[in-house]
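So this block is target.cif, mmCIF, C-alpha atoms:
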```cif
data_work
#
loop_
_atom_site.label_atom_id
_atom_site.label_comp_id
_atom_site.auth_asym_id
_atom_site.auth_seq_id
_atom_site.Cartn_x
_atom_site.Cartn_y
_atom_site.Cartn_z
CA MET A 1 16.24 -224.47 87.48
CA SER A 2 16.46 -221.28 85.41
CA GLN A 3 15.13 -218.02 86.76
CA PRO A 4 11.78 -216.76 85.50
CA SER A 5 12.26 -215.09 82.14
CA HIS A 6 9.08 -212.99 82.40
CA GLN A 7 8.34 -210.01 84.55
CA PRO A 8 6.25 -211.36 87.45
CA ASP A 9 2.63 -210.26 87.54
CA LEU A 10 2.80 -209.78 91.28
CA PRO A 11 4.35 -206.76 93.02
CA GLN A 12 8.05 -207.27 93.56
CA GLN A 13 7.68 -207.29 97.35
CA ILE A 14 5.01 -210.01 97.30
CA ALA A 15 7.05 -212.06 94.83
CA GLN A 16 10.07 -211.74 97.13
CA ASP A 17 8.02 -212.83 100.13
CA LEU A 18 6.81 -215.83 98.15
CA ARG A 19 10.39 -216.75 97.19
CA ALA A 20 11.39 -216.48 100.86
CA LEU A 21 9.07 -219.42 101.57
CA GLY A 22 11.46 -221.69 99.67
CA GLY A 23 14.50 -223.62 100.75
CA VAL A 24 12.93 -225.60 103.58
CA GLN A 25 15.03 -228.58 104.67
CA ALA A 26 13.30 -231.93 104.56
CA PRO A 27 13.26 -233.57 108.00
CA SER A 28 15.64 -236.52 108.40
CA GLU A 29 12.59 -238.61 109.26
CA LEU A 30 11.64 -238.56 105.57
CA TRP A 31 14.43 -240.94 104.53
CA GLN A 32 13.55 -243.39 107.32
CA ARG A 33 9.88 -243.34 106.40
CA VAL A 34 10.59 -243.90 102.72
CA GLN A 35 12.99 -246.77 103.47
CA GLU A 36 10.45 -248.39 105.79
CA GLU A 37 7.69 -248.18 103.22
CA ARG A 38 9.94 -249.48 100.45
CA SER A 39 11.08 -252.49 102.45
CA PHE A 40 7.49 -253.19 103.48
CA THR A 41 6.13 -253.08 99.93
CA GLU A 42 9.02 -255.18 98.63
CA LEU A 43 7.57 -258.06 100.66
CA GLY A 44 4.65 -257.80 98.26
CA GLU A 45 2.39 -260.59 97.07
CA VAL A 46 4.07 -263.97 96.86
CA ALA A 47 2.82 -266.70 94.51
CA ALA A 48 1.50 -269.75 96.35
CA PRO A 49 3.65 -272.85 95.73
CA GLU A 50 2.14 -275.63 93.62
CA GLU A 51 2.47 -277.85 96.67
CA LEU A 52 -0.37 -275.93 98.36
CA TRP A 53 -3.05 -277.52 96.18
CA ALA A 54 -1.68 -281.03 96.77
CA ARG A 55 -1.66 -280.45 100.53
CA VAL A 56 -5.23 -279.14 100.59
CA GLN A 57 -6.30 -282.04 98.39
CA ALA A 58 -4.68 -284.56 100.75
CA GLU A 59 -6.27 -282.91 103.80
CA LEU A 60 -9.75 -283.11 102.29
CA GLY A 61 -9.15 -286.63 100.98
CA MET A 62 -10.28 -285.50 97.53
CA GLU A 63 -9.47 -287.30 94.32
CA VAL A 64 -10.10 -284.44 91.92
CA ALA A 65 -7.05 -284.13 89.70
CA ALA A 66 -6.91 -280.38 89.06
CA PRO A 67 -8.14 -277.45 91.13
CA GLN A 68 -11.53 -276.47 89.67
CA GLY A 69 -10.94 -272.83 90.61
CA ARG A 70 -7.82 -272.65 88.46
CA LEU A 71 -9.51 -274.34 85.55
CA LEU A 72 -12.49 -271.99 85.68
CA ARG A 73 -10.25 -268.99 86.32
CA GLY A 74 -8.39 -269.82 83.14
CA ILE A 75 -11.62 -269.97 81.19
CA PHE A 76 -13.54 -267.13 82.80
CA GLY A 77 -10.68 -264.80 83.73
CA GLY A 78 -10.82 -264.90 87.52
CA LYS A 79 -14.61 -264.88 87.93
CA SER A 80 -14.61 -268.56 88.77
CA LEU A 81 -17.09 -268.40 91.64
CA ALA A 82 -19.69 -266.56 89.60
CA ALA A 83 -19.04 -268.83 86.61
CA ALA A 84 -19.36 -271.97 88.73
CA ALA A 85 -22.62 -270.74 90.23
CA ALA A 86 -23.95 -269.86 86.78
CA LEU A 87 -23.01 -273.29 85.44
CA LEU A 88 -24.59 -274.98 88.43
CA ILE A 89 -27.86 -273.09 88.09
CA PHE A 90 -27.92 -273.50 84.34
CA GLY A 91 -27.21 -277.21 84.71
CA GLY A 92 -29.83 -277.58 87.40
CA LEU A 93 -32.44 -275.78 85.35
CA SER A 94 -31.57 -277.89 82.33
CA ILE A 95 -32.06 -281.07 84.31
CA PHE A 96 -35.31 -280.12 86.00
CA ASN A 97 -36.78 -277.90 83.34
CA PRO A 98 -40.54 -278.64 83.53
CA TRP A 99 -40.70 -278.40 79.73
CA SER A 100 -37.98 -280.94 79.14
CA SER A 101 -38.69 -284.61 78.68
CA PRO A 102 -37.93 -287.19 81.44
CA SER A 103 -35.41 -288.85 79.18
CA GLY A 104 -33.58 -285.51 78.75
CA LEU A 105 -33.36 -285.20 82.53
CA SER A 106 -31.51 -288.42 83.06
CA GLN A 107 -29.25 -287.76 80.08
CA ASP A 108 -28.12 -284.36 81.48
CA PHE A 109 -27.50 -285.81 84.91
CA VAL A 110 -25.19 -288.42 83.46
CA VAL A 111 -23.11 -285.64 81.91
CA LEU A 112 -22.78 -283.63 85.15
CA ALA A 113 -22.43 -286.38 87.70
CA PRO A 114 -18.94 -287.71 86.88
CA GLN A 115 -17.45 -284.28 87.68
CA THR A 116 -18.08 -284.90 91.36
CA SER A 117 -16.43 -288.02 92.68
CA GLU A 118 -17.92 -290.11 95.46
CA SER A 119 -15.13 -289.17 97.89
CA ALA A 120 -15.61 -285.48 97.12
CA ARG A 121 -19.31 -285.84 97.85
CA GLU A 122 -18.45 -287.50 101.13
CA ALA A 123 -16.08 -284.69 101.99
CA PHE A 124 -18.76 -282.07 101.39
CA ARG A 125 -21.46 -284.11 103.09
CA SER A 126 -19.34 -284.32 106.24
CA ARG A 127 -19.36 -280.52 106.37
CA ALA A 128 -23.06 -279.98 105.76
CA GLN A 129 -26.18 -280.30 107.84
CA PHE A 130 -28.81 -282.34 106.07
CA GLN A 131 -32.51 -281.92 106.24
CA LYS A 132 -34.65 -284.45 104.46
CA VAL A 133 -37.31 -282.93 102.21
CA THR A 134 -39.43 -284.29 99.44
CA PRO A 135 -38.81 -283.03 95.90
CA GLN A 136 -42.32 -281.57 95.88
CA GLU A 137 -41.36 -279.21 98.73
CA MET A 138 -38.48 -277.77 96.69
CA SER A 139 -38.39 -275.24 93.89
CA SER A 140 -37.15 -276.38 90.50
CA ILE A 141 -33.88 -274.48 91.07
CA SER A 142 -33.35 -276.12 94.45
CA ARG A 143 -34.06 -279.51 92.93
CA GLY A 144 -31.53 -278.77 90.21
CA LEU A 145 -28.84 -277.74 92.70
CA ALA A 146 -29.56 -280.73 94.93
CA GLY A 147 -29.34 -283.05 91.95
CA SER A 148 -26.01 -281.70 90.78
CA LEU A 149 -24.57 -281.98 94.31
CA GLY A 150 -25.55 -285.63 94.56
CA GLY A 151 -28.86 -285.15 96.36
CA PHE A 152 -30.68 -286.92 93.57
CA MET A 153 -30.85 -290.06 95.63
CA VAL A 154 -33.08 -288.29 98.15
CA GLU A 155 -35.66 -287.94 95.42
CA ASP A 156 -35.26 -291.64 94.67
CA ASP A 157 -35.72 -292.49 98.38
CA ALA A 158 -38.82 -290.34 98.56
CA MET B 1 20.07 -230.63 76.09
CA PRO B 2 20.85 -233.78 78.08
CA ASP B 3 19.01 -234.35 81.32
CA PRO B 4 21.40 -233.59 84.21
CA ASP B 5 19.98 -236.54 86.13
CA GLN B 6 20.28 -239.00 83.25
CA ALA B 7 23.28 -240.93 84.59
CA LEU B 8 21.74 -241.47 88.02
CA VAL B 9 18.35 -242.38 86.59
CA GLU B 10 19.90 -244.89 84.20
CA ALA B 11 21.91 -246.34 87.06
CA CYS B 12 18.63 -246.93 88.90
CA GLN B 13 17.09 -248.49 85.80
CA THR B 14 19.85 -250.98 85.09
CA ALA B 15 21.43 -251.65 88.46
CA ASN B 16 21.19 -254.66 90.72
CA LYS B 17 19.51 -254.07 94.07
CA GLN B 18 22.59 -252.82 95.91
CA ASP B 19 23.62 -250.39 93.18
CA PHE B 20 20.01 -249.29 92.81
CA ASP B 21 19.91 -248.33 96.48
CA GLU B 22 23.07 -246.25 96.08
CA ALA B 23 21.85 -244.40 92.97
CA TYR B 24 18.40 -243.92 94.46
CA ARG B 25 19.93 -242.53 97.64
CA GLN B 26 21.79 -239.90 95.59
CA LEU B 27 18.63 -238.86 93.76
CA PHE B 28 16.82 -238.70 97.09
CA VAL B 29 19.43 -236.34 98.53
CA LEU B 30 19.25 -234.18 95.40
CA TYR B 31 15.49 -233.79 95.51
CA GLN B 32 14.34 -234.21 99.10
CA ASP B 33 14.41 -230.52 100.10
CA ARG B 34 12.69 -229.24 96.98
CA VAL B 35 10.05 -231.96 97.10
CA PHE B 36 9.43 -231.26 100.78
CA THR B 37 9.23 -227.50 100.19
CA ILE B 38 6.62 -227.96 97.44
CA CYS B 39 4.60 -230.30 99.65
CA LEU B 40 4.85 -227.99 102.67
CA ARG B 41 3.78 -224.90 100.79
CA VAL B 42 0.86 -226.58 99.03
CA THR B 43 -0.45 -228.52 102.05
CA GLY B 44 0.29 -225.79 104.60
CA ASN B 45 1.36 -228.11 107.39
CA GLN B 46 4.34 -230.25 108.31
CA GLU B 47 2.52 -233.53 108.83
CA ASP B 48 0.67 -233.63 105.52
CA ALA B 49 3.81 -232.37 103.78
CA LEU B 50 5.81 -235.26 105.21
CA ASP B 51 3.14 -237.75 104.07
CA ALA B 52 3.07 -236.25 100.57
CA ALA B 53 6.89 -236.11 100.30
CA GLN B 54 7.08 -239.74 101.43
CA GLU B 55 4.54 -240.78 98.83
CA THR B 56 6.47 -238.86 96.17
CA MET B 57 9.78 -240.51 96.99
CA VAL B 58 8.28 -244.01 97.23
CA THR B 59 6.48 -243.53 93.89
CA LEU B 60 9.75 -242.36 92.39
CA ALA B 61 11.52 -245.52 93.56
CA ARG B 62 8.73 -247.76 92.28
CA ARG B 63 8.33 -246.19 88.86
CA ILE B 64 11.80 -244.98 87.96
CA LYS B 65 12.43 -248.09 85.85
CA ASP B 66 9.58 -247.00 83.56
CA PHE B 67 10.79 -243.41 83.19
CA ALA B 68 11.53 -242.90 79.47
CA PHE B 69 13.00 -239.34 79.42
CA ARG B 70 10.04 -237.91 77.52
CA SER B 71 10.38 -234.94 79.88
CA ARG B 72 13.12 -233.85 82.22
CA PHE B 73 13.45 -236.10 85.24
CA SER B 74 13.04 -233.10 87.56
CA SER B 75 9.71 -232.22 85.89
CA TRP B 76 8.51 -235.75 86.49
CA VAL B 77 9.54 -235.62 90.17
CA PHE B 78 7.85 -232.25 90.71
CA ARG B 79 4.70 -233.46 88.96
CA ILE B 80 4.47 -236.40 91.35
CA ALA B 81 5.13 -234.08 94.31
CA VAL B 82 2.48 -231.55 93.25
CA ASN B 83 -0.11 -234.30 92.72
CA ALA B 84 0.72 -235.93 96.06
CA ALA B 85 0.43 -232.59 97.86
CA ILE B 86 -2.89 -231.77 96.18
CA ASP B 87 -4.24 -235.23 97.06
CA SER B 88 -3.11 -234.74 100.63
CA ARG B 89 -4.95 -231.39 100.83
CA ARG B 90 -8.12 -232.99 99.48
CA LYS B 91 -7.90 -235.87 101.95
CA ARG B 92 -7.52 -233.44 104.83
CA LEU B 93 -10.56 -231.49 103.67
CA ASP B 94 -12.52 -234.74 103.55
CA ALA B 95 -11.33 -235.92 106.98
CA PRO B 96 -9.62 -233.19 109.03
CA ARG B 97 -6.95 -234.56 111.34
CA ALA B 98 -7.09 -233.68 115.00
CA GLY B 99 -4.26 -231.40 116.07
CA VAL B 100 -2.98 -230.56 112.58
CA GLN B 101 -2.53 -226.84 112.04
CA THR B 102 -1.51 -224.86 109.03
CA THR B 103 1.77 -222.97 109.17
CA VAL B 104 -0.14 -220.02 110.59
CA GLY B 105 -0.19 -220.44 114.35
CA ASN B 106 2.35 -223.24 114.08
CA ALA B 107 5.45 -222.38 116.12
CA GLU B 108 7.81 -224.41 113.94
CA GLY B 109 6.46 -222.88 110.72
CA GLU B 110 6.71 -219.35 112.05
CA ARG B 111 10.21 -219.99 113.39
CA GLN B 112 11.29 -221.13 109.91
CA LEU B 113 9.77 -218.05 108.35
CA GLN B 114 11.46 -215.77 110.89
CA GLN B 115 14.78 -217.47 110.22
CA VAL B 116 14.48 -216.89 106.49
CA ALA B 117 13.45 -213.27 107.04
CA ALA B 118 16.33 -212.68 109.47
CA GLU B 119 18.84 -214.07 107.00
CA GLU B 120 17.58 -211.78 104.26
CA SER B 121 17.05 -208.59 106.23
CA HIS B 122 19.59 -207.60 108.87
CA ALA B 123 19.10 -203.85 108.65
CA ASP B 124 15.69 -202.91 109.96
CA PRO B 125 14.00 -204.97 112.72
CA VAL B 126 10.63 -203.29 112.08
CA GLN B 127 10.79 -204.14 108.40
CA GLU B 128 11.86 -207.66 109.35
CA VAL B 129 8.76 -208.21 111.51
CA SER B 130 6.56 -206.77 108.79
CA ARG B 131 8.04 -209.08 106.15
CA THR B 132 7.60 -212.12 108.40
CA GLU B 133 3.96 -211.21 108.90
CA ASN B 134 3.52 -210.91 105.16
CA GLN B 135 5.13 -214.30 104.60
CA VAL B 136 2.84 -215.88 107.19
CA LEU B 137 -0.14 -214.35 105.41
CA ILE B 138 1.10 -215.53 102.03
CA GLN B 139 1.61 -219.06 103.35
CA ASP B 140 -1.91 -218.93 104.76
CA ALA B 141 -3.20 -217.83 101.36
CA LEU B 142 -1.41 -220.73 99.65
CA ALA B 143 -2.86 -223.20 102.15
CA ARG B 144 -6.39 -221.89 101.61
CA MET B 145 -6.61 -221.21 97.89
CA ASN B 146 -7.35 -223.82 95.20
CA PRO B 147 -4.40 -226.23 95.57
CA ARG B 148 -3.77 -226.18 91.80
CA PHE B 149 -3.27 -222.40 91.97
CA ALA B 150 -1.09 -222.75 95.06
CA ALA B 151 1.06 -225.32 93.26
CA LEU B 152 1.47 -222.95 90.31
CA LEU B 153 2.63 -220.10 92.56
CA VAL B 154 5.04 -222.45 94.33
CA LEU B 155 6.54 -223.68 91.04
CA ARG B 156 6.76 -220.17 89.61
CA TYR B 157 8.06 -218.16 92.56
CA ILE B 158 9.53 -220.62 95.06
CA GLU B 159 11.05 -223.04 92.54
CA GLY B 160 11.74 -220.18 90.10
CA MET B 161 10.48 -222.04 87.04
CA SER B 162 9.80 -220.50 83.64
CA TYR B 163 6.37 -220.88 82.01
CA ASP B 164 7.83 -223.57 79.74
CA GLU B 165 9.11 -225.57 82.68
CA ILE B 166 5.77 -225.27 84.48
CA SER B 167 3.92 -226.44 81.37
CA GLU B 168 6.17 -229.53 81.31
CA VAL B 169 5.53 -230.26 84.99
CA GLN B 170 1.79 -229.71 84.68
CA GLU B 171 1.56 -231.39 81.25
CA CYS B 172 -0.48 -228.54 79.80
CA SER B 173 -0.02 -225.85 77.18
CA LEU B 174 1.82 -222.58 77.70
CA GLY B 175 -1.45 -220.68 77.28
CA THR B 176 -3.10 -222.73 80.00
CA VAL B 177 -0.19 -222.05 82.36
CA LYS B 178 -0.44 -218.32 81.74
CA SER B 179 -4.18 -218.15 82.23
CA ARG B 180 -4.10 -220.30 85.37
CA LEU B 181 -1.22 -218.32 86.80
CA ASN B 182 -3.17 -215.16 86.16
CA ARG B 183 -6.07 -216.57 88.14
CA ALA B 184 -3.67 -217.65 90.89
CA HIS B 185 -2.30 -214.08 91.10
CA THR B 186 -5.83 -212.74 91.37
CA ALA B 187 -6.72 -215.24 94.10
CA LEU B 188 -3.61 -214.26 96.08
CA ARG B 189 -4.28 -210.53 95.68
CA GLU B 190 -7.89 -210.91 96.78
CA PHE B 191 -6.87 -212.92 99.82
CA LEU B 192 -4.23 -210.38 100.89
CA GLN B 193 -6.56 -207.45 100.29
CA HIS B 194 -9.18 -209.16 102.42
CA ARG B 195 -6.52 -209.47 105.15
CA GLY B 196 -5.86 -205.74 105.19
CA PHE B 197 -3.19 -205.22 102.53
CA ASP B 198 -3.26 -201.82 100.89
CA PRO B 199 -4.45 -202.34 97.28
CA SER B 200 -1.59 -200.11 96.11
CA GLU B 201 0.85 -202.69 97.51
CA LEU B 202 -0.80 -205.38 95.41
CA THR B 203 -0.35 -203.89 91.97
CA PRO B 204 2.93 -204.43 90.10
#
```
Can you present the structure in this file as structure tokens?
Amino acid sequence: MSQPSHQPDLPQQIAQDLRALGGVQAPSELWQRVQEERSFTELGEVAAPEELWARVQAELGMEVAAPQGRLLRGIFGGKSLAAAAALLIFGGLSIFNPWSSPSGLSQDFVVLAPQTSESAREAFRSRAQFQKVTPQEMSSISRGLAGSLGGFMVEDDA
Amino acid sequence: MPDPDQALVEACQTANKQDFDEAYRQLFVLYQDRVFTICLRVTGNQEDALDAAQETMVTLARRIKDFAFRSRFSSWVFRIAVNAAIDSRRKRLDAPRAGVQTTVGNAEGERQLQQVAAEESHADPVQEVSRTENQVLIQDALARMNPRFAALLVLRYIEGMSYDEISEVQECSLGTVKSRLNRAHTALREFLQHRGFDPSELTP
């Protein structure tokens, strides 16, 4: 580095004392710490193998062909959970909209229902605690959600 | 004028992992002391300086492939070091660490200062002690003033950079460097005067 080309604006003695603070040797520990951090960060984030989805699918006994999360992530750029919830609520409201006609209700349900296979329903049912309620005890949103998750039959039973 | 580090930097950018490690190691050896000195003088204590120097060197390794020689490599390294040291100072102000002291009152820091003073002044022991005291006070001033000002004084006086070189490191205009350096001088003078320096000693 070249020496300063301008006259310093500090007294010469102070400038000299400042310069004397230079030339400190880095401790040898620095190299070790840097190497440790580099090797640690090189482990980094590893992409999950494709096999992972197949194994989870087999474990749950599901027949769904493609992971819904990936499909939605592709469409909604990683906000799949929020997008799925929004779709579910929108779908539920569409089905049980008090202003819609009864024929519209059954038509919408037909469109949504095939997305959830019977075995998938069973898989989710086995993980949930059920409480039987009549449709009249539920809000329109709850009825919509229940319908899209296969709880429509409860209404039929009632 | 070609960058003196160009060959090593390009070796890091194009090498396989083993060659990268070798080229990186050479750059590390070239810069470790200067990076550590900047970090020590801006943070004012060994522990934060070590953290900041570590962060600087790790950042260097991670980002060297993207370095495009728009500035000198050394300016880039010092910029990372200054920013890491300033960040470290801010973090310590937010959450002071137990047991961390500035160089003042720190035996290792004072020993280093005494060693430097002894090497430079063999003639008069009284003058030697006085100079060491001044250096301790100046280090204290650096550790307490606005870290951006401290960094400027370190680059200018300890690293011996010209205004042009500082403006490259700080990515600001020459006028900004001059005006900030002026304010840094004033801050240092005021601190030293407050600590009992004779005002006549503080005017050029």
Which residues of chain B come within 8 Å of chain A, and what is each one's closest atom pair and distance in Å (one decimal), counting only C-alpha atoms, sorted by chain and residue number, as a Markdown table?
```
| residue | atom | partner | partner_atom | distance |
| --- | --- | --- | --- | --- |
| B:Gln32 | CA | A:Ala26 | CA | 6.0 |
| B:Asp33 | CA | A:Ala26 | CA | 4.8 |
| B:Arg34 | CA | A:Gly23 | CA | 7.0 |
| B:Phe36 | CA | A:Ala26 | CA | 5.5 |
| B:Thr37 | CA | A:Val24 | CA | 5.4 |
| B:Arg41 | CA | A:Leu21 | CA | 7.7 |
| B:Leu50 | CA | A:Leu30 | CA | 6.7 |
| B:Ala53 | CA | A:Leu30 | CA | 7.5 |
| B:Gln54 | CA | A:Val34 | CA | 5.6 |
| B:Glu55 | CA | A:Val34 | CA | 7.8 |
| B:Met57 | CA | A:Val34 | CA | 6.7 |
| B:Val58 | CA | A:Val34 | CA | 6.0 |
| B:Gln112 | CA | A:Val24 | CA | 7.9 |
| B:Leu113 | CA | A:Leu21 | CA | 7.0 |
| B:Val116 | CA | A:Ala20 | CA | 6.4 |
| B:Ala117 | CA | A:Ala20 | CA | 7.3 |
| B:Arg131 | CA | A:Asp17 | CA | 7.1 |
| B:Asn134 | CA | A:Asp17 | CA | 7.0 |
| B:Gln135 | CA | A:Asp17 | CA | 5.5 |
| B:Ile138 | CA | A:Leu18 | CA | 6.9 |
| B:Gln139 | CA | A:Leu21 | CA | 7.7 |
| B:Val154 | CA | A:Leu18 | CA | 7.8 |
| B:Arg156 | CA | A:Pro4 | CA | 7.3 |
| B:Tyr157 | CA | A:Arg19 | CA | 5.4 |
| B:Ile158 | CA | A:Arg19 | CA | 4.5 |
| B:Glu159 | CA | A:Gly22 | CA | 7.3 |
| B:Gly160 | CA | A:Gln3 | CA | 5.2 |
| B:Met161 | CA | A:Pro4 | CA | 5.7 |
| B:Ser162 | CA | A:Pro4 | CA | 4.6 |
| B:Tyr163 | CA | A:Pro4 | CA | 7.6 |
| B:Asn182 | CA | A:Asp9 | CA | 7.7 |
| B:His185 | CA | A:Leu10 | CA | 6.7 |
| B:Glu201 | CA | A:Pro11 | CA | 7.0 |
| B:Leu202 | CA | A:Pro11 | CA | 5.8 |
| B:Thr203 | CA | A:Pro11 | CA | 5.6 |
| B:Pro204 | CA | A:Pro11 | CA | 4.0 |
```
Task: Separation of atom CA of B:Asn146 from atom CA of B:Leu60, in Å and rounded to one decimal - done: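 Those two atoms sit 25.4 Å apart.
If you look at atom CA of A:Arg143 and atom CA of A:Phe124, they are 17.7 Å away from each other.
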Ground truth for the PyMOL selection byres ((chain B and resi 82) around 8), written as a PDB file with C-alpha atoms, in the frame of the given file:
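After the write, out19.pdb holds the following:
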```pdb
ATOM      1  CA  ILE B  38       6.620-227.960  97.440  1.00  0.00           C
ATOM      2  CA  CYS B  39       4.600-230.300  99.650  1.00  0.00           C
ATOM      3  CA  VAL B  42       0.860-226.580  99.030  1.00  0.00           C
ATOM      4  CA  PHE B  78       7.850-232.250  90.710  1.00  0.00           C
ATOM      5  CA  ARG B  79       4.700-233.460  88.960  1.00  0.00           C
ATOM      6  CA  ILE B  80       4.470-236.400  91.350  1.00  0.00           C
ATOM      7  CA  ALA B  81       5.130-234.080  94.310  1.00  0.00           C
ATOM      8  CA  ASN B  83      -0.110-234.300  92.720  1.00  0.00           C
ATOM      9  CA  ALA B  84       0.720-235.930  96.060  1.00  0.00           C
ATOM     10  CA  ALA B  85       0.430-232.590  97.860  1.00  0.00           C
ATOM     11  CA  ILE B  86      -2.890-231.770  96.180  1.00  0.00           C
ATOM     12  CA  ALA B 151       1.060-225.320  93.260  1.00  0.00           C
TER      13      ALA B 151
END
```
Task: Distance of atom CA of B:Asn45 from atom CA of B:Ala184, expressed in Å to one decimal place - done: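 Computing it gives 20.2 Å between the two atoms.
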Expanded to explicit residues, what is the PyMOL selection byres ((chain B and resi 65) around 9) for this file, as a PDB file with C-alpha atoms, in the coordinates of the input?
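Output file part_0.pdb follows:
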```pdb
ATOM      1  CA  VAL B   9      18.350-242.380  86.590  1.00  0.00           C
ATOM      2  CA  GLU B  10      19.900-244.890  84.200  1.00  0.00           C
ATOM      3  CA  CYS B  12      18.630-246.930  88.900  1.00  0.00           C
ATOM      4  CA  GLN B  13      17.090-248.490  85.800  1.00  0.00           C
ATOM      5  CA  THR B  14      19.850-250.980  85.090  1.00  0.00           C
ATOM      6  CA  ALA B  61      11.520-245.520  93.560  1.00  0.00           C
ATOM      7  CA  ARG B  62       8.730-247.760  92.280  1.00  0.00           C
ATOM      8  CA  ARG B  63       8.330-246.190  88.860  1.00  0.00           C
ATOM      9  CA  ILE B  64      11.800-244.980  87.960  1.00  0.00           C
ATOM     10  CA  ASP B  66       9.580-247.000  83.560  1.00  0.00           C
ATOM     11  CA  PHE B  67      10.790-243.410  83.190  1.00  0.00           C
ATOM     12  CA  ALA B  68      11.530-242.900  79.470  1.00  0.00           C
TER      13      ALA B  68
END
```
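Comparing the minimum interatomic distances between B:Leu188 and each of B:Leu152, B:Glu168, B:Met145, B:Lys91, counting all atoms listed in the file, we find that B:Met145 sits nearest.
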